[in-house]
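So this one's structure_25.pdb, PDB, C-alpha atoms, pLDDT in the B column:
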```pdb
ATOM      1  CA  MET A 283     -19.366  38.592 -31.155  1.00 47.00           C
ATOM      2  CA  MET A 284     -17.562  37.300 -28.058  1.00 52.00           C
ATOM      3  CA  GLY A 285     -14.619  39.180 -26.690  1.00 51.00           C
ATOM      4  CA  TRP A 286     -11.691  37.998 -24.659  1.00 52.00           C
ATOM      5  CA  ASN A 287     -13.577  38.578 -21.430  1.00 52.00           C
ATOM      6  CA  GLY A 288     -16.392  36.115 -22.059  1.00 51.00           C
ATOM      7  CA  GLY A 289     -16.897  32.501 -23.039  1.00 51.00           C
ATOM      8  CA  MET A 290     -14.072  29.997 -23.056  1.00 51.00           C
ATOM      9  CA  MET A 291     -11.466  32.421 -24.306  1.00 52.00           C
ATOM     10  CA  TYR A 292     -10.695  33.720 -20.829  1.00 51.00           C
ATOM     11  CA  GLY A 293      -8.598  32.006 -18.167  1.00 52.00           C
ATOM     12  CA  PHE A 294      -7.974  28.282 -18.329  1.00 51.00           C
ATOM     13  CA  GLY A 295     -10.883  27.502 -20.637  1.00 53.00           C
ATOM     14  CA  ALA A 296     -13.757  25.046 -20.301  1.00 56.00           C
ATOM     15  CA  GLY A 297     -14.657  26.637 -16.942  1.00 59.00           C
ATOM     16  CA  MET A 298     -12.378  24.308 -14.951  1.00 66.00           C
ATOM     17  CA  GLY A 299     -10.064  26.816 -13.367  1.00 78.00           C
ATOM     18  CA  LEU A 300      -6.726  26.031 -11.761  1.00 81.00           C
ATOM     19  CA  ILE A 301      -8.124  23.563  -9.182  1.00 85.00           C
ATOM     20  CA  GLY A 302      -9.856  21.548 -11.892  1.00 83.00           C
ATOM     21  CA  TRP A 303      -6.634  21.229 -13.853  1.00 87.00           C
ATOM     22  CA  LEU A 304      -4.718  20.162 -10.733  1.00 89.00           C
ATOM     23  CA  VAL A 305      -7.320  17.494  -9.917  1.00 90.00           C
ATOM     24  CA  GLN A 306      -7.213  16.236 -13.491  1.00 91.00           C
ATOM     25  CA  LEU A 307      -3.401  16.132 -13.425  1.00 93.00           C
ATOM     26  CA  ALA A 308      -3.457  14.240 -10.104  1.00 94.00           C
ATOM     27  CA  LEU A 309      -5.850  11.661 -11.568  1.00 95.00           C
ATOM     28  CA  ILE A 310      -3.647  11.129 -14.602  1.00 96.00           C
ATOM     29  CA  VAL A 311      -0.541  10.712 -12.414  1.00 96.00           C
ATOM     30  CA  ALA A 312      -2.408   8.257 -10.154  1.00 96.00           C
ATOM     31  CA  LEU A 313      -3.557   6.167 -13.140  1.00 96.00           C
ATOM     32  CA  ILE A 314      -0.026   6.002 -14.536  1.00 96.00           C
ATOM     33  CA  TYR A 315       1.316   5.020 -11.096  1.00 96.00           C
ATOM     34  CA  LEU A 316      -1.272   2.251 -10.715  1.00 96.00           C
ATOM     35  CA  ALA A 317      -0.538   0.964 -14.216  1.00 95.00           C
ATOM     36  CA  VAL A 318       3.191   0.744 -13.428  1.00 92.00           C
ATOM     37  CA  ILE A 319       2.520  -1.126 -10.177  1.00 89.00           C
ATOM     38  CA  LEU A 320       0.168  -3.553 -11.940  1.00 90.00           C
ATOM     39  CA  ILE A 321       2.696  -4.264 -14.688  1.00 87.00           C
ATOM     40  CA  ARG A 322       5.458  -4.848 -12.125  1.00 81.00           C
ATOM     41  CA  LYS A 323       3.266  -7.264 -10.148  1.00 80.00           C
ATOM     42  CA  LEU A 324       2.274  -9.215 -13.255  1.00 80.00           C
ATOM     43  CA  THR A 325       5.853  -9.559 -14.485  1.00 75.00           C
ATOM     44  CA  GLY A 326       7.456  -9.827 -11.041  1.00 67.00           C
ATOM     45  CA  SER A 327       6.273 -13.368 -10.319  1.00 61.00           C
ATOM     46  CA  ALA A 328       8.198 -14.720 -13.306  1.00 63.00           C
ATOM     47  CA  ASP A 329      11.358 -12.950 -12.112  1.00 66.00           C
ATOM     48  CA  GLU A 330      10.981 -14.419  -8.626  1.00 70.00           C
ATOM     49  CA  SER A 331      10.508 -17.909 -10.046  1.00 70.00           C
ATOM     50  CA  LYS A 332      13.687 -17.597 -12.121  1.00 78.00           C
ATOM     51  CA  LYS A 333      15.574 -16.264  -9.109  1.00 85.00           C
ATOM     52  CA  SER A 334      14.335 -19.132  -6.928  1.00 86.00           C
ATOM     53  CA  GLU A 335      15.285 -21.710  -9.546  1.00 88.00           C
ATOM     54  CA  SER A 336      18.738 -20.144  -9.868  1.00 90.00           C
ATOM     55  CA  ILE A 337      19.274 -20.438  -6.109  1.00 91.00           C
ATOM     56  CA  LEU A 338      18.087 -24.037  -6.236  1.00 91.00           C
ATOM     57  CA  LYS A 339      20.594 -24.828  -9.020  1.00 92.00           C
ATOM     58  CA  GLU A 340      23.402 -23.240  -7.013  1.00 93.00           C
ATOM     59  CA  ARG A 341      22.517 -25.316  -3.943  1.00 92.00           C
ATOM     60  CA  PHE A 342      22.508 -28.470  -6.044  1.00 92.00           C
ATOM     61  CA  ALA A 343      25.840 -27.551  -7.668  1.00 93.00           C
ATOM     62  CA  ARG A 344      27.448 -26.972  -4.254  1.00 93.00           C
ATOM     63  CA  GLY A 345      26.194 -30.346  -3.061  1.00 92.00           C
ATOM     64  CA  GLU A 346      23.906 -28.932  -0.383  1.00 92.00           C
ATOM     65  CA  ILE A 347      20.917 -30.930  -1.709  1.00 91.00           C
ATOM     66  CA  SER A 348      20.622 -34.267  -3.462  1.00 92.00           C
ATOM     67  CA  GLU A 349      19.304 -34.816  -6.979  1.00 92.00           C
ATOM     68  CA  GLU A 350      16.006 -36.116  -5.593  1.00 93.00           C
ATOM     69  CA  GLU A 351      15.581 -33.021  -3.418  1.00 93.00           C
ATOM     70  CA  TYR A 352      16.492 -30.801  -6.363  1.00 92.00           C
ATOM     71  CA  GLU A 353      13.887 -32.412  -8.634  1.00 92.00           C
ATOM     72  CA  ARG A 354      11.210 -32.322  -5.917  1.00 93.00           C
ATOM     73  CA  MET A 355      11.827 -28.645  -5.134  1.00 90.00           C
ATOM     74  CA  LYS A 356      11.987 -27.748  -8.814  1.00 89.00           C
ATOM     75  CA  LYS A 357       8.597 -29.394  -9.363  1.00 90.00           C
ATOM     76  CA  ILE A 358       7.145 -27.399  -6.458  1.00 88.00           C
ATOM     77  CA  LEU A 359       8.472 -24.132  -7.913  1.00 83.00           C
ATOM     78  CA  HIS A 360       6.830 -24.804 -11.284  1.00 80.00           C
ATOM     79  CA  GLN A 361       3.371 -25.403  -9.803  1.00 77.00           C
TER      80      GLN A 361
END
```

Exercise: express the given structure as structure tokens:
Amino acid sequence: MMGWNGGMMYGFGAGMGLIGWLVQLALIVALIYLAVILIRKLTGSADESKKSESILKERFARGEISEEEYERMKKILHQ
């Protein structure tokens, strides 16, 4: 019969110790951080395109660019 002083019943369990748990926690935090950055990069390009098109519409509405320039620039943004 195993007592509290032997096996996995003592300390942090599974033989990892405090440093092992800290390393594991750091890896989990790093993976979550990388996932958030990846998601932002994948969805960020669509936001930038909408922002650019909005600026283009404003310039056209103020008369800063002609209709031909507007259509040409809009086509370039959608490539």

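The interatomic distance for the pair atom CA of Lys332 of chain A and atom CA of Tyr315 of chain A works out to 25.8 Å.
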
TODO: Choose the residue, out of A:Ile358, A:Ile347, A:Ala312, A:Leu320, that has the smallest atom-to-atom separation from Ser334 of chain A; count all atoms listed in the file.
DONE: A:Ile358

TODO: Could you please determine the separation between atom CA of Ser331 of chain A and atom CA of Ala343 of chain A in Å, to one decimal place?
DONE: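 The value is 18.3 Å.
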
TODO: Identify, on the basis of all atoms listed in the file, every residue whose closest approach to Lys356 of chain A does not exceed 10 Å; exclude the query and any residue fewer than 4 positions from it along the same chain; express the result as a list of chain:residue names.
DONE: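 Those residues are A:Ser334, A:Glu335, A:Leu338, A:Lys339, A:Glu350, A:Glu351, A:Tyr352, A:His360, A:Gln361.
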
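Note that the spacing between atom CA of Ile321 of chain A and atom CA of Ser336 of chain A amounts to 23.1 Å.
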
Task: Minimum-distance residue to Phe342 of chain A, chosen among A:Glu330, A:Met355, A:Trp303, A:Leu324 (using all atoms listed in the file) - done: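 When distances to Phe342 of chain A are compared using all atoms listed in the file, the smallest one comes from A:Met355.
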